[in-house]
Amino acid sequence: MADNNERSRASELFALLNEVHNEDNSADNGVKSVAEEAHSVDELLDILSQNSEEEPQDNGFGEEIPVSIFSHLSEEGAEANEPESAGIKGIHVTNVGSHFTDEAVPTPPLPEAELPEEEEEEEERVTAGVRVFQFLRGSSFIPKACIYILVVCLVSVYLAYFAISVGNDIFSLVTEKREVTIVIPENATDDDVAKILKENGIIEYDWVYTMYMGYRGDGDEKTVYLPGEHTLSTDMNYSQIIYRLTHGENVREIKRVTIPEGYTVNQIIDLLVSEGIGERRDYIEAINNYPYKWDFVKQLTELGYSEHRTYRLEGYLFPDTYDFYTDEDEVYVINKMLGAFNDKFWKDFVKVDKNGFSYQNQFIEEYGLTFDDAITLASIIQAEGGTARDFYYVSYVFHNRIKHKTDFPKLESDATIQYVLPERVSSSELDTSLDTPYNTYLYDGLTPGAISNPGLEALSAVLFPEPPEDPDSDPDDIEYIDAYYFVSNDAGKTYYAHSLRAHEKNKEKVKQENEEIKAGTYEG
C-alpha cells in the first residue's frame, strides 16, 4: 500500500515537473525535456529513494539536486528557493512540497489587523482612564482627598491666571510698548474693530473687547468709529483705544473729582462743569431720561415716582472720588456713579442670606417703605445730621414718626425746604410755610424724592436707627431718649426731645446759640 502511494506521488511529481518545464520558456535552450531524461516513473523513484544525506545526487538530467530540497518541499506552506539555489536550472518548484508528505497543509494564519494610529491613541487614553478610575476606587480617603485638592488648586490657578490676563488686556497693566497702524473700514461695528485689534496684536481677547463695549456707557448706543488709518500703541488700555478710534489722536486730559457726601444733583453738575467735564443740559438729560440698566433704576421706573420729583436719580449718585476725561460723555459719567452706588450699597441691601433674610425685605415689612423711600429718607438724614452719630439719632426720630403717622403725620424737616431754595438760609430765617411738595411741614410723609446724595454712613443709619443718649443722664448709667423731635443750631449741634414741651425748650436754646454764632461768641 505504501508502494502504491509512493508511485502515485512520483507520477504526480513527474507530470508537475514536465508542466513547469514546458511553461518556462527561458529553459528551452540547453535543458532537455524531463520526459526524455526520465524514461519511466520507476527510474524517478529510484532517484528519489537514494540516501537522504546532505550530499549532491545526480538527478538524471545532467544536473545535481541537493537532498535538502526535499526538506524545503515538505515544509507547510513554504515557498521553494529560486531555481538556481535548488540546483535545477529553469525549473520552478514552488508549492510542490505537499506531494512529499501525508500531512495536510494548514491554512496560513491571517495577519492581525492593524488599528489606525488615532484609534490606537484613543484606546490607550481609555485604558489609562480606566486604570486611574480603578486606582481611585481602590484607594483610601487620603489619596482621594489629595487628588481633589490638587485638582481644585490647578483649576484655581488657571482661573486666576485667566482673570489676570483679561484684566491686563483691558487695563494694559503689563504690556510691551509697540506702535501699530491699523485701518478701520466705513461703518465698522464693535465686532469688526475687535477682530482688527486682535489680528494686529493690540488686544488679546476680541470677545472681551466686544463685551466691554456692550456695557460701556450702558451699551444702547452704537459706537461710531472714525474710518481710515489709526496709529495705536500696544500699551494702550481699552478706554484709550476707544477714544483714539472715535475722536482721533488728540491727547485726553484726565480730571480727578471728589463728590462730597450730601451733595445735591445741582451741586454735582456744577462741580463737574466747573472742572470742564460735560455740559449741564446733557447731564440733566442723562439723569432724568437715559434708560440705565441697573436693577435699582429699573425698579424705580417700574414702581413709578412723583411728577413733582426734581431729578429722577437724585440720591443715587454715590459720593466718591472719580477720574474722568474732560471730554467724557455725560451718560458715562453718571453711569460710573451709579455703578459705585450698586457696588457700595445696593448689592448688600438686596442680598439674601442662608436664612432668607435681607435688609430690603425687613425694610418693607417693618416700615412699609420701598427702596426709593429708603434712599429718600437717607438723603434727609444726611442733610439733617451734623455728625455720623447724629445720623443714627435722626434716623430714630424719623422712624418713630413714620411708625406713628396718626400722631406725627409730618416729618417737619428744615432740610427738605432748604432743598428747593436757590441758596441755603439759616434755620431762623427759614419760611416753613413755603408751598412746595418738598415742605414736610405742610405735606405728610416723605418728599417726592431724595434731597441729596447720601453717603454710606447715612445709608447705614436708615437701616439701623439708634435712640439718642440723654445728655443729662449719669455717664455710668446712660439713659436714652425715645425721641420724636430734634432741632439743630447753625453750628450743627443737635438736641433731641420726646415731648413737644421739651422740644420748645430746645428751640429756645438753639435760638440763643445762633445769636452767639452770629456775634462770634459761641463756644459750642
# chains A, B, ... in the order shown; residues from 1 in each chain; ligands from 1
$ select_by_dssp --residues "range 343-422 of chain A" --states "helix (DSSP H, G or I)" --output "MDAnalysis selection string"
chainID A and resid 343:350 359:367 371:384 388:403 414:418
$ closest_residue --among "A:Ala502, A:Thr406, A:Val510, A:Tyr496" --to "Ser426 in chain A" --atoms "only C-alpha atoms"
A:Val510
$ decode --residues "range 323-338 of chain A" --atoms "N, CA and C atoms" --output "mmCIF file, in the first residue's frame"
data_model
loop_
_atom_site.group_PDB
_atom_site.id
_atom_site.type_symbol
_atom_site.label_atom_id
_atom_site.label_comp_id
_atom_site.auth_asym_id
_atom_site.auth_seq_id
_atom_site.Cartn_x
_atom_site.Cartn_y
_atom_site.Cartn_z
ATOM 1 N N ASP A 323 -12.149 109.540 38.544
ATOM 2 C CA ASP A 323 -11.293 110.078 37.482
ATOM 3 C C ASP A 323 -12.086 110.087 36.186
ATOM 4 N N PHE A 324 -12.202 111.261 35.589
ATOM 5 C CA PHE A 324 -12.933 111.393 34.330
ATOM 6 C C PHE A 324 -12.062 112.105 33.293
ATOM 7 N N TYR A 325 -12.248 111.724 32.025
ATOM 8 C CA TYR A 325 -11.667 112.512 30.941
ATOM 9 C C TYR A 325 -12.507 113.775 30.788
ATOM 10 N N THR A 326 -11.883 114.855 30.449
ATOM 11 C CA THR A 326 -12.608 116.120 30.330
ATOM 12 C C THR A 326 -13.621 116.095 29.188
ATOM 13 N N ASP A 327 -13.411 115.183 28.213
ATOM 14 C CA ASP A 327 -14.367 115.077 27.106
ATOM 15 C C ASP A 327 -15.270 113.853 27.272
ATOM 16 N N GLU A 328 -15.386 113.375 28.495
ATOM 17 C CA GLU A 328 -16.181 112.180 28.767
ATOM 18 C C GLU A 328 -17.652 112.440 28.473
ATOM 19 N N ASP A 329 -18.322 111.429 27.936
ATOM 20 C CA ASP A 329 -19.748 111.532 27.681
ATOM 21 C C ASP A 329 -20.513 111.614 29.011
ATOM 22 N N GLU A 330 -21.524 112.478 29.064
ATOM 23 C CA GLU A 330 -22.264 112.685 30.310
ATOM 24 C C GLU A 330 -22.939 111.407 30.808
ATOM 25 N N VAL A 331 -23.448 110.601 29.882
ATOM 26 C CA VAL A 331 -24.076 109.340 30.266
ATOM 27 C C VAL A 331 -23.061 108.437 30.968
ATOM 28 N N TYR A 332 -21.841 108.404 30.429
ATOM 29 C CA TYR A 332 -20.800 107.562 31.020
ATOM 30 C C TYR A 332 -20.448 108.042 32.432
ATOM 31 N N VAL A 333 -20.395 109.365 32.635
ATOM 32 C CA VAL A 333 -20.080 109.925 33.953
ATOM 33 C C VAL A 333 -21.135 109.507 34.979
ATOM 34 N N ILE A 334 -22.402 109.689 34.623
ATOM 35 C CA ILE A 334 -23.490 109.330 35.532
ATOM 36 C C ILE A 334 -23.513 107.829 35.770
ATOM 37 N N ASN A 335 -23.287 107.066 34.704
ATOM 38 C CA ASN A 335 -23.298 105.605 34.828
ATOM 39 C C ASN A 335 -22.204 105.117 35.772
ATOM 40 N N LYS A 336 -21.069 105.794 35.773
ATOM 41 C CA LYS A 336 -19.977 105.419 36.672
ATOM 42 C C LYS A 336 -20.377 105.633 38.129
ATOM 43 N N MET A 337 -21.103 106.705 38.421
ATOM 44 C CA MET A 337 -21.571 106.966 39.785
ATOM 45 C C MET A 337 -22.621 105.936 40.202
ATOM 46 N N LEU A 338 -23.485 105.567 39.260
ATOM 47 C CA LEU A 338 -24.498 104.556 39.548
ATOM 48 C C LEU A 338 -23.843 103.198 39.806
#
